Each structure stands twice: as structure tokens, then as C-alpha cells.
>>> print(open('structure.txt').read())   # compact mmCIF, C-alpha atoms and all ligand atoms
# COMPACT_ATOMS: atom_id res chain seq x y z
CA MET I 1454 54.44 27.51 -64.01
CA GLU I 1455 52.92 26.76 -60.65
CA LYS I 1456 55.07 24.67 -58.34
CA PHE I 1457 53.83 21.65 -56.43
CA VAL I 1458 55.20 19.59 -53.57
CA LEU I 1459 54.22 16.14 -52.40
CA GLY I 1460 52.95 16.04 -48.84
CA ILE I 1461 52.93 12.64 -47.17
CA ASP I 1462 51.33 12.10 -43.78
CA ILE I 1463 52.12 8.70 -42.31
CA GLY I 1464 49.75 7.86 -39.49
CA GLY I 1465 49.47 4.74 -37.36
CA THR I 1466 46.25 3.78 -39.16
CA ASN I 1467 46.15 5.63 -42.49
CA SER I 1468 48.63 7.35 -44.77
CA LYS I 1469 47.69 10.38 -46.84
CA VAL I 1470 49.41 11.61 -49.96
CA GLY I 1471 48.65 15.03 -51.39
CA LEU I 1472 49.89 17.37 -54.11
CA ILE I 1473 50.06 20.82 -52.60
CA ASP I 1474 50.39 24.11 -54.47
CA GLU I 1475 52.24 27.24 -53.38
CA SER I 1476 49.22 28.66 -51.55
CA GLY I 1477 49.09 25.56 -49.34
CA SER I 1478 45.96 24.17 -51.04
CA ILE I 1479 45.78 20.44 -51.48
CA ALA I 1480 45.19 19.99 -55.19
CA PHE I 1481 44.88 16.21 -55.17
CA ARG I 1482 44.89 13.67 -52.40
CA GLU I 1483 44.82 9.96 -51.80
CA ILE I 1484 44.41 7.98 -48.59
CA PHE I 1485 45.41 4.37 -47.95
CA PRO I 1486 45.91 2.09 -44.92
CA THR I 1487 49.41 2.21 -43.38
CA LYS I 1488 49.14 -1.42 -42.15
CA SER I 1489 51.21 -0.78 -39.04
CA GLU I 1490 52.15 -4.46 -38.64
CA GLU I 1491 54.08 -4.44 -41.93
CA SER I 1492 57.76 -3.56 -42.25
CA PHE I 1493 58.96 -0.35 -43.90
CA ASP I 1494 60.32 -2.35 -46.85
CA ILE I 1495 56.81 -3.58 -47.61
CA TYR I 1496 55.24 -0.17 -46.97
CA LEU I 1497 57.56 1.82 -49.26
CA PRO I 1498 56.67 0.14 -52.60
CA ARG I 1499 52.96 0.48 -51.73
CA LEU I 1500 53.46 4.19 -51.16
CA LYS I 1501 55.44 4.52 -54.41
CA GLU I 1502 52.56 2.96 -56.34
CA ILE I 1503 50.09 5.51 -54.90
CA VAL I 1504 52.46 8.43 -55.61
CA ASP I 1505 53.09 7.26 -59.18
CA LYS I 1506 49.35 6.93 -59.77
CA LEU I 1507 48.72 10.45 -58.43
CA LEU I 1508 51.47 11.95 -60.60
CA THR I 1509 50.28 10.08 -63.70
CA ILE I 1510 46.66 11.21 -63.21
CA THR I 1511 47.59 14.85 -62.58
CA GLY I 1512 50.60 15.16 -64.91
CA LYS I 1513 52.31 17.28 -62.22
CA VAL I 1514 56.02 17.17 -61.40
CA PRO I 1515 56.64 18.01 -57.73
CA ILE I 1516 59.80 19.88 -56.67
CA GLY I 1517 60.17 18.17 -53.30
CA ILE I 1518 58.58 16.03 -50.62
CA GLY I 1519 57.52 16.86 -47.07
CA VAL I 1520 56.87 13.86 -44.83
CA GLY I 1521 55.21 13.81 -41.44
CA ALA I 1522 55.66 10.59 -39.49
CA PRO I 1523 55.52 9.46 -35.87
CA ASN I 1524 58.90 9.75 -34.09
CA ALA I 1525 60.43 11.44 -37.16
CA ASN I 1526 63.36 13.76 -36.57
CA PHE I 1527 63.77 16.93 -38.63
CA LEU I 1528 67.48 17.23 -37.88
CA THR I 1529 68.49 13.66 -38.78
CA GLY I 1530 65.75 12.64 -41.24
CA MET I 1531 65.33 9.43 -39.25
CA VAL I 1532 62.22 7.75 -37.90
CA HIS I 1533 63.22 6.16 -34.63
CA GLU I 1534 61.20 3.13 -33.51
CA PRO I 1535 57.71 4.61 -33.72
CA PRO I 1536 55.55 2.84 -31.12
CA ASN I 1537 52.60 2.56 -33.51
CA LEU I 1538 54.49 1.12 -36.50
CA SER I 1539 56.59 -2.06 -36.82
CA TRP I 1540 59.40 -0.24 -38.64
CA GLY I 1541 62.22 -0.10 -36.14
CA SER I 1542 64.57 2.77 -37.04
CA VAL I 1543 64.55 3.95 -40.65
CA ASP I 1544 66.53 6.68 -42.46
CA LEU I 1545 63.35 8.03 -44.02
CA LYS I 1546 64.93 11.04 -45.73
CA LYS I 1547 67.63 8.92 -47.40
CA ARG I 1548 65.24 6.15 -48.48
CA PHE I 1549 62.74 8.65 -49.94
CA GLU I 1550 65.44 10.63 -51.77
CA GLU I 1551 66.86 7.41 -53.27
CA LEU I 1552 63.46 6.21 -54.42
CA PHE I 1553 61.73 9.42 -55.54
CA LYS I 1554 64.84 11.41 -56.62
CA LEU I 1555 63.42 14.50 -54.92
CA PRO I 1556 64.69 16.57 -51.99
CA THR I 1557 62.82 15.31 -48.91
CA PHE I 1558 62.15 16.95 -45.56
CA VAL I 1559 60.99 14.90 -42.62
CA ASP I 1560 59.50 15.88 -39.29
CA ASN I 1561 57.33 14.65 -36.47
CA ASP I 1562 53.69 14.73 -37.60
CA ALA I 1563 52.70 16.89 -34.61
CA ASN I 1564 55.39 19.50 -35.37
CA LEU I 1565 54.09 19.70 -38.92
CA ALA I 1566 50.52 20.02 -37.69
CA ALA I 1567 51.69 23.02 -35.64
CA VAL I 1568 53.40 24.60 -38.66
CA SER I 1569 50.29 24.04 -40.79
CA GLU I 1570 48.02 25.67 -38.21
CA LEU I 1571 50.40 28.61 -38.11
CA LEU I 1572 50.69 29.05 -41.88
CA TRP I 1573 47.29 28.00 -43.15
CA GLY I 1574 45.10 27.08 -40.20
CA CYS I 1575 43.48 28.75 -37.23
CA ALA I 1576 46.70 30.08 -35.61
CA SER I 1577 47.73 32.71 -38.16
CA GLY I 1578 49.90 35.35 -36.47
CA VAL I 1579 50.20 33.34 -33.23
CA LYS I 1580 53.77 33.32 -31.84
CA HIS I 1581 53.40 30.81 -28.98
CA LEU I 1582 51.32 27.81 -29.90
CA LEU I 1583 50.65 24.31 -28.59
CA VAL I 1584 49.12 21.83 -31.03
CA VAL I 1585 48.00 18.43 -29.78
CA THR I 1586 47.18 15.69 -32.28
CA LEU I 1587 44.78 13.05 -31.03
CA GLY I 1588 44.87 10.04 -33.32
CA THR I 1589 46.25 6.53 -32.97
CA GLY I 1590 48.77 8.22 -30.66
CA VAL I 1591 48.98 11.63 -28.99
CA GLY I 1592 51.51 14.07 -30.44
CA THR I 1593 52.41 17.62 -29.48
CA GLY I 1594 53.89 20.35 -31.66
CA ILE I 1595 55.21 23.45 -29.92
CA ILE I 1596 55.83 26.85 -31.50
CA ILE I 1597 57.89 29.30 -29.48
CA ASP I 1598 58.51 32.80 -30.86
CA GLY I 1599 57.19 31.65 -34.24
CA ASN I 1600 59.58 28.67 -34.56
CA VAL I 1601 59.09 24.95 -33.99
CA LEU I 1602 60.71 23.89 -30.74
CA GLN I 1603 63.13 21.12 -31.79
CA GLY I 1604 65.03 20.76 -28.54
CA ALA I 1605 68.36 18.96 -28.30
CA PHE I 1606 68.72 16.44 -31.18
CA GLY I 1607 65.25 17.34 -32.55
CA GLY I 1608 63.35 15.41 -29.90
CA ALA I 1609 61.25 18.13 -28.23
CA GLY I 1610 57.47 17.91 -27.90
CA GLU I 1611 56.69 14.44 -26.62
CA GLY I 1612 53.71 15.66 -24.61
CA GLY I 1613 51.83 12.41 -25.25
CA HIS I 1614 54.27 10.71 -22.91
CA ILE I 1615 53.91 12.80 -19.79
CA GLU I 1616 52.67 10.78 -16.82
CA ILE I 1617 48.99 11.33 -16.04
CA VAL I 1618 48.22 8.29 -13.89
CA PRO I 1619 50.95 6.98 -11.54
CA ASN I 1620 51.60 3.29 -12.33
CA GLY I 1621 48.80 3.48 -14.89
CA ARG I 1622 48.18 1.73 -18.20
CA ALA I 1623 51.07 0.48 -20.31
CA CYS I 1624 51.96 2.97 -23.03
CA GLY I 1625 53.17 2.06 -26.56
CA CYS I 1626 56.53 3.71 -25.72
CA GLY I 1627 57.27 1.21 -22.96
CA GLY I 1628 56.33 3.60 -20.15
CA ALA I 1629 53.19 3.56 -17.99
CA GLY I 1630 50.36 5.95 -17.17
CA HIS I 1631 51.13 8.31 -20.04
CA LEU I 1632 48.58 10.69 -21.59
CA GLU I 1633 48.69 8.74 -24.87
CA ALA I 1634 47.58 5.56 -23.10
CA TYR I 1635 44.31 7.32 -22.16
CA ALA I 1636 43.58 10.11 -24.65
CA SER I 1637 44.56 8.56 -28.00
CA ALA I 1638 42.05 6.60 -30.05
CA THR I 1639 43.90 3.46 -28.94
CA GLY I 1640 43.63 4.49 -25.28
CA MET I 1641 39.97 5.43 -25.61
CA LYS I 1642 39.21 1.99 -27.04
CA LEU I 1643 40.58 0.54 -23.79
CA THR I 1644 38.43 2.96 -21.77
CA ILE I 1645 35.38 1.81 -23.76
CA LYS I 1646 36.18 -1.82 -22.95
CA GLU I 1647 36.75 -0.99 -19.25
CA ILE I 1648 33.62 1.12 -18.79
CA LEU I 1649 31.14 -0.46 -21.20
CA GLY I 1650 32.53 -4.01 -21.07
CA SER I 1651 32.47 -4.41 -24.85
CA ASP I 1652 34.01 -3.03 -28.03
CA VAL I 1653 31.90 -0.11 -29.21
CA ASP I 1654 33.19 1.80 -32.25
CA LEU I 1655 34.81 5.08 -31.17
CA ALA I 1656 33.57 7.01 -34.20
CA LEU I 1657 30.01 5.80 -33.49
CA LEU I 1658 30.33 6.95 -29.87
CA GLY I 1659 31.59 10.31 -31.19
CA THR I 1660 28.39 10.64 -33.21
CA ALA I 1661 26.30 9.53 -30.21
CA LEU I 1662 27.99 12.22 -28.09
CA LYS I 1663 26.43 14.86 -30.32
CA SER I 1664 22.97 13.71 -29.21
CA GLY I 1665 23.99 13.51 -25.52
CA ASP I 1666 24.21 9.71 -25.29
CA LYS I 1667 25.05 8.66 -21.69
CA ASP I 1668 27.74 6.09 -22.57
CA ALA I 1669 29.39 8.52 -24.94
CA LEU I 1670 29.38 11.22 -22.25
CA LYS I 1671 31.10 8.79 -19.86
CA ILE I 1672 33.81 7.72 -22.31
CA PHE I 1673 34.58 11.19 -23.66
CA GLY I 1674 34.33 12.60 -20.12
CA GLU I 1675 37.13 10.23 -18.99
CA SER I 1676 39.30 11.28 -21.89
CA ALA I 1677 38.55 14.99 -21.28
CA LYS I 1678 39.62 14.60 -17.65
CA TYR I 1679 43.04 13.22 -18.62
CA LEU I 1680 43.46 15.70 -21.46
CA GLY I 1681 42.55 18.62 -19.20
CA LYS I 1682 45.21 17.50 -16.75
CA GLY I 1683 47.85 16.94 -19.44
CA LEU I 1684 47.14 20.20 -21.26
CA ALA I 1685 47.23 22.14 -18.00
CA SER I 1686 50.70 20.73 -17.20
CA MET I 1687 51.98 21.60 -20.66
CA ALA I 1688 50.43 25.09 -20.60
CA THR I 1689 51.95 25.80 -17.19
CA ILE I 1690 55.42 25.33 -18.69
CA LEU I 1691 54.81 26.85 -22.11
CA PHE I 1692 52.33 29.68 -21.57
CA PRO I 1693 50.97 29.38 -25.13
CA GLU I 1694 48.68 32.02 -26.65
CA MET I 1695 46.58 29.27 -28.13
CA VAL I 1696 46.07 25.52 -27.79
CA VAL I 1697 44.83 23.67 -30.88
CA LEU I 1698 43.43 20.15 -30.64
CA THR I 1699 43.34 18.18 -33.86
CA GLY I 1700 43.27 14.60 -35.19
CA GLY I 1701 40.59 11.97 -35.70
CA VAL I 1702 39.47 11.84 -32.05
CA MET I 1703 38.38 15.50 -32.31
CA ASN I 1704 35.75 14.48 -34.90
CA ALA I 1705 33.59 13.99 -31.79
CA GLY I 1706 33.03 17.74 -32.13
CA PRO I 1707 32.31 20.81 -30.00
CA ILE I 1708 30.72 18.99 -27.03
CA PHE I 1709 33.96 17.06 -26.50
CA LEU I 1710 35.99 20.27 -26.90
CA GLU I 1711 33.89 21.98 -24.22
CA MET I 1712 34.38 19.02 -21.87
CA ILE I 1713 38.16 19.28 -22.32
CA ARG I 1714 38.03 23.05 -21.84
CA ALA I 1715 36.13 22.67 -18.56
CA GLU I 1716 38.64 20.12 -17.21
CA PHE I 1717 41.56 22.25 -18.41
CA GLU I 1718 40.19 25.31 -16.64
CA LYS I 1719 39.70 23.31 -13.44
CA MET I 1720 43.34 22.25 -13.49
CA ILE I 1721 45.04 25.36 -14.70
CA LEU I 1722 46.76 27.63 -12.23
CA ASP I 1723 45.02 30.89 -11.41
CA LEU I 1724 48.31 32.41 -12.40
CA LEU I 1725 47.71 31.50 -16.04
CA GLU I 1726 44.01 32.32 -16.09
CA GLU I 1727 44.58 35.89 -15.01
CA LYS I 1728 46.99 36.68 -17.83
ZN ZN I 1801 54.37 6.79 -23.48
>>> encode(input="structure.txt", output="C-alpha cells", more="lines below")
Ligand SMILES: [Zn+2]
Amino acid sequence: MEKFVLGIDIGGTNSKVGLIDESGSIAFREIFPTKSEESFDIYLPRLKEIVDKLLTITGKVPIGIGVGAPNANFLTGMVHEPPNLSWGSVDLKKRFEELFKLPTFVDNDANLAAVSELLWGCASGVKHLLVVTLGTGVGTGIIIDGNVLQGAFGGAGEGGHIEIVPNGRACGCGGAGHLEAYASATGMKLTIKEILGSDVDLALLGTALKSGDKDALKIFGESAKYLGKGLASMATILFPEMVVLTGGVMNAGPIFLEMIRAEFEKMILDLLEEK
């Protein structure tokens, strides 16, 4: 009988639940708002309801759960004060295992994005990989020699919190001038307000970018400038074979990607380019 696992992706805006088969295909999926202002104790029963519904509809019995969440730690199973959720610190692995009675594995959403790109995405066979997730926040997953870089205590890969602008915008982590404060969807909304003087929907601007809209070019150009700088710093240390950009912000498409590439190439050391 084919085995299934439950995959749960907890984002700052939306949560996704999927039943995944052994080939990595998502057999069934469901998406619902995370409601970041709510506590974990209110979130968990809502999630349980969605999972129960999915299992009832499909009649499948999963063998385990994999959870991706912001600030989650693979080694401890904890989520530690994610800046985009009002959860404080939660023993996610323990709470999930108590509730669902299934073995649960937890990691940072960006680390899992890197593993997915390696196993089933565009980075098959790549040994040194940098994956950057651009959503409500900015996450980075790093693969070195085919393994996820966990660092001491499982905390490696916080590339969203490198300083890009000295004494710049406040970041959700409590710091200032970090990449996340500029290149995440949240940061880009601030850029929109600063440059256009009003709240224009980011997804709409992403669509407008595809037809060369001037305002969209300005907003995405700002973000590309900061991303190019941040990615160049990370690549100088890591020397990855490939950099993958993913997450909702990348729905803006190939024009945005080319803008980031141009900025990245401007910033990168000749040393890296030649190799
Ligand atoms: Zn930060």
C-alpha cells in the first residue's frame, strides 16, 4: 500500500496542508489563513480541523508529519519567537505528536524549501545550493555538500537578517536595516508606501511589472537592488553552484528575476564570476 505523509507549511500569512506520496507528489492540499495575530493555542485546533477534514475526504492514513515553520529548529523541534507570528516559543514537535499521534519532524521553512528543490525541484544533483524564500519574511536555506547546513544549535541560515542598510528600517527581529525589512512582501509594502505615497497591492504591481509599468519597475527595482546586494554577500561566503529564489514575491516573474540577476552581477566579486 502506498505510504503518505502530511506536509504542513506554516507561513506568516497562509498555512498549507498537503498529503504527499512517496514520489513527493502532493496528492491533496488545503490552504487556510494563519492569522498571525492569534496565539498558537487558537491556531492548533483550527489546523486539526483542516487535517481531519483532509483525512476524512481522502481516507488516507499518514505515517508521519513534516512541518515547516518560521524560526523552527530541526534539532530541538521548537519554534522560537517567530517575528511574523504571535506565538512566542512553542515546542511544536511535542504539541503535534501529542495531538496527531504521529511522528513529527520540524524545520525552518527555508531549509525545507532547499531540501525540496534538491529532491524534487530545479536543483537535482546540486551539492552546494542557496535557496532564498521571499514571502512575508525572507528565509534562506543552505545546502553544503548535499546536506542542510544546521550550524550550532540548528540556527544556521538567517540570511534575511544580514544588514543591507546601515541604521535602516526596523526589522521584525528587533534589528535594523536587514534584508527582510526591504525584500520581503512586508518590506516591499513599505517601499510602495514610501515611493508611491499610497497602498498599492503588491500582487497587482507584480502583474503590472509584466507589462513594463513604471511604478512597478521602480518598486521591484528597489527590491532587486537590496536582494542583489544581499545575495552577493551570501554567495561570497558560500560559493553555491546555484541560487534559487522562491516564495510569493517571485510571482512577479522573469522580469523581476532578471532585475535581481543584474544587481547581483554588479555586486559580485570578479573572483566568483570567473569560476
Ligand atoms: Zn532582522
>>> residues_around(input="structure.txt", residues="Ile1617 (chain I)", least_positions_apart="3", cutoff="7 Å", atoms="all atoms listed in the file", output="MDAnalysis selection string")
chainID I and resid 1630:1632 1679 1683
>>> write_last_selection(input="structure.txt", atoms="C-alpha atoms", output="compact mmCIF listing (two decimals), in the frame of the given file")
# COMPACT_ATOMS: atom_id res chain seq x y z
CA GLY I 1630 50.36 5.95 -17.17
CA HIS I 1631 51.13 8.31 -20.04
CA LEU I 1632 48.58 10.69 -21.59
CA TYR I 1679 43.04 13.22 -18.62
CA GLY I 1683 47.85 16.94 -19.44
>>> closest_residue(input="structure.txt", among="I:Gly1599, I:Ala1576, I:Ala1480, I:Pro1536", to="Cys1624 (chain I)", atoms="all atoms listed in the file")
I:Pro1536
>>> atom_distance(input="structure.txt", atom1="CA of Leu1658 (chain I)", atom2="CA of Met1703 (chain I)")
12.0 Å
>>> atom_distance(input="structure.txt", atom1="CA of Thr1586 (chain I)", atom2="CA of Ala1609 (chain I)")
14.8 Å
>>> closest_residue(input="structure.txt", among="I:Leu1497, I:Leu1572, I:Leu1508, I:Val1601", to="Glu1551 (chain I)", atoms="all atoms listed in the file")
I:Leu1497
>>> closest_residue(input="structure.txt", among="I:Ile1518, I:Ala1623, I:Ala1677, I:Ile1690", to="ligand ZN 1801 (chain I)", atoms="only C-alpha atoms and all ligand atoms")
I:Ala1623
>>> residues_near_ligand(input="structure.txt", ligand="ligand ZN 1801 (chain I)", cutoff="7 Å", atoms="all atoms listed in the file", output="list in words")
Gly1613, His1614, Cys1624, Gly1625, Cys1626, Gly1627, Gly1628, Ala1629, His1631, Glu1633 and Ala1634 of chain I
>>> closest_residue(input="structure.txt", among="I:Met1720, I:Ala1567, I:Leu1538, I:Ala1685", to="Gly1464 (chain I)", atoms="only C-alpha atoms")
I:Leu1538
>>> closest_residue(input="structure.txt", among="I:Val1702, I:Ala1605, I:Met1641, I:Ile1473", to="Val1653 (chain I)", atoms="only C-alpha atoms")
I:Met1641
>>> closest_residue(input="structure.txt", among="I:Leu1710, I:Ile1463, I:Leu1500, I:Ile1510", to="Asn1537 (chain I)", atoms="only C-alpha atoms")
I:Ile1463
>>> residues_around(input="structure.txt", residues="Gln1603 (chain I)", least_positions_apart="3", cutoff="12 Å", atoms="only C-alpha atoms", output="VMD selection string")
chain I and resid 1525 to 1529 1560 to 1561 1563 to 1565 1593 to 1597 1600 1606 to 1611
>>> atom_distance(input="structure.txt", atom1="CA of Gly1700 (chain I)", atom2="CA of Ser1542 (chain I)")
24.4 Å
>>> residues_around(input="structure.txt", residues="Lys1554 (chain I)", least_positions_apart="5", cutoff="12 Å", atoms="all atoms listed in the file", output="ChimeraX atom specification")
/I:1501,1514-1518,1546-1549
>>> residues_near_point(input="structure.txt", point="(51.8, 0.4, -42.3)", cutoff="9 Å", atoms="only C-alpha atoms", output="list in words")
Ile1463, Gly1464, Gly1465, Thr1466, Asn1467, Ser1468, Pro1486, Thr1487, Lys1488, Ser1489, Glu1490, Glu1491, Ser1492, Phe1493, Ile1495, Tyr1496, Leu1538, Ser1539 and Trp1540 of chain I
>>> residues_around(input="structure.txt", residues="Met1712 (chain I)", least_positions_apart="2", cutoff="9 Å", atoms="only C-alpha atoms", output="ChimeraX atom specification")
/I:1673-1674,1677-1678,1681,1707-1710,1714-1717
>>> residues_around(input="structure.txt", residues="Val1504 (chain I)", least_positions_apart="3", cutoff="10 Å", atoms="only C-alpha atoms", output="PyMOL selection string")
chain I and resi 1459+1461+1470-1472+1482-1483+1498-1501+1507-1510+1553
>>> build_atoms(input="structure.txt", residues="region 1688-1709 of chain I", atoms="N, CA and C atoms", output="short mmCIF file (atom, residue, chain, number, x, y, z; two decimals), in the frame of the given file")
data_model
loop_
_atom_site.label_atom_id
_atom_site.label_comp_id
_atom_site.auth_asym_id
_atom_site.auth_seq_id
_atom_site.Cartn_x
_atom_site.Cartn_y
_atom_site.Cartn_z
N ALA I 1688 50.64 23.64 -20.52
CA ALA I 1688 50.43 25.09 -20.60
C ALA I 1688 51.14 25.83 -19.48
N THR I 1689 51.27 25.17 -18.32
CA THR I 1689 51.95 25.80 -17.19
C THR I 1689 53.43 26.05 -17.53
N ILE I 1690 54.02 25.16 -18.28
CA ILE I 1690 55.42 25.33 -18.69
C ILE I 1690 55.53 26.30 -19.86
N LEU I 1691 54.62 26.15 -20.83
CA LEU I 1691 54.81 26.85 -22.11
C LEU I 1691 54.14 28.22 -22.22
N PHE I 1692 53.09 28.43 -21.46
CA PHE I 1692 52.33 29.68 -21.57
C PHE I 1692 51.96 30.00 -23.02
N PRO I 1693 51.30 29.10 -23.72
CA PRO I 1693 50.97 29.38 -25.13
C PRO I 1693 49.85 30.42 -25.25
N GLU I 1694 49.80 31.10 -26.39
CA GLU I 1694 48.68 32.02 -26.65
C GLU I 1694 47.44 31.23 -27.02
N MET I 1695 47.70 30.06 -27.63
CA MET I 1695 46.58 29.27 -28.13
C MET I 1695 46.92 27.78 -28.04
N VAL I 1696 45.91 26.98 -27.75
CA VAL I 1696 46.07 25.52 -27.79
C VAL I 1696 45.13 25.01 -28.88
N VAL I 1697 45.66 24.24 -29.81
CA VAL I 1697 44.83 23.67 -30.88
C VAL I 1697 44.79 22.16 -30.71
N LEU I 1698 43.58 21.61 -30.71
CA LEU I 1698 43.43 20.15 -30.64
C LEU I 1698 42.97 19.66 -32.00
N THR I 1699 43.68 18.66 -32.53
CA THR I 1699 43.34 18.18 -33.86
C THR I 1699 43.47 16.65 -33.91
N GLY I 1700 43.17 16.07 -35.05
CA GLY I 1700 43.27 14.60 -35.19
C GLY I 1700 41.90 13.96 -35.14
N GLY I 1701 41.85 12.70 -35.54
CA GLY I 1701 40.59 11.97 -35.70
C GLY I 1701 39.69 11.97 -34.47
N VAL I 1702 40.27 11.90 -33.28
CA VAL I 1702 39.47 11.84 -32.05
C VAL I 1702 38.61 13.11 -31.92
N MET I 1703 39.11 14.24 -32.44
CA MET I 1703 38.38 15.50 -32.31
C MET I 1703 37.16 15.57 -33.24
N ASN I 1704 36.98 14.54 -34.09
CA ASN I 1704 35.75 14.48 -34.90
C ASN I 1704 34.52 14.38 -34.01
N ALA I 1705 34.73 14.05 -32.73
CA ALA I 1705 33.59 13.99 -31.79
C ALA I 1705 32.94 15.37 -31.62
N GLY I 1706 33.67 16.42 -31.99
CA GLY I 1706 33.03 17.74 -32.13
C GLY I 1706 33.04 18.64 -30.92
N PRO I 1707 32.25 19.74 -30.99
CA PRO I 1707 32.31 20.81 -30.00
C PRO I 1707 31.93 20.40 -28.57
N ILE I 1708 31.08 19.40 -28.40
CA ILE I 1708 30.72 18.99 -27.03
C ILE I 1708 31.96 18.44 -26.33
N PHE I 1709 32.73 17.62 -27.04
CA PHE I 1709 33.96 17.06 -26.50
C PHE I 1709 34.95 18.19 -26.18
#
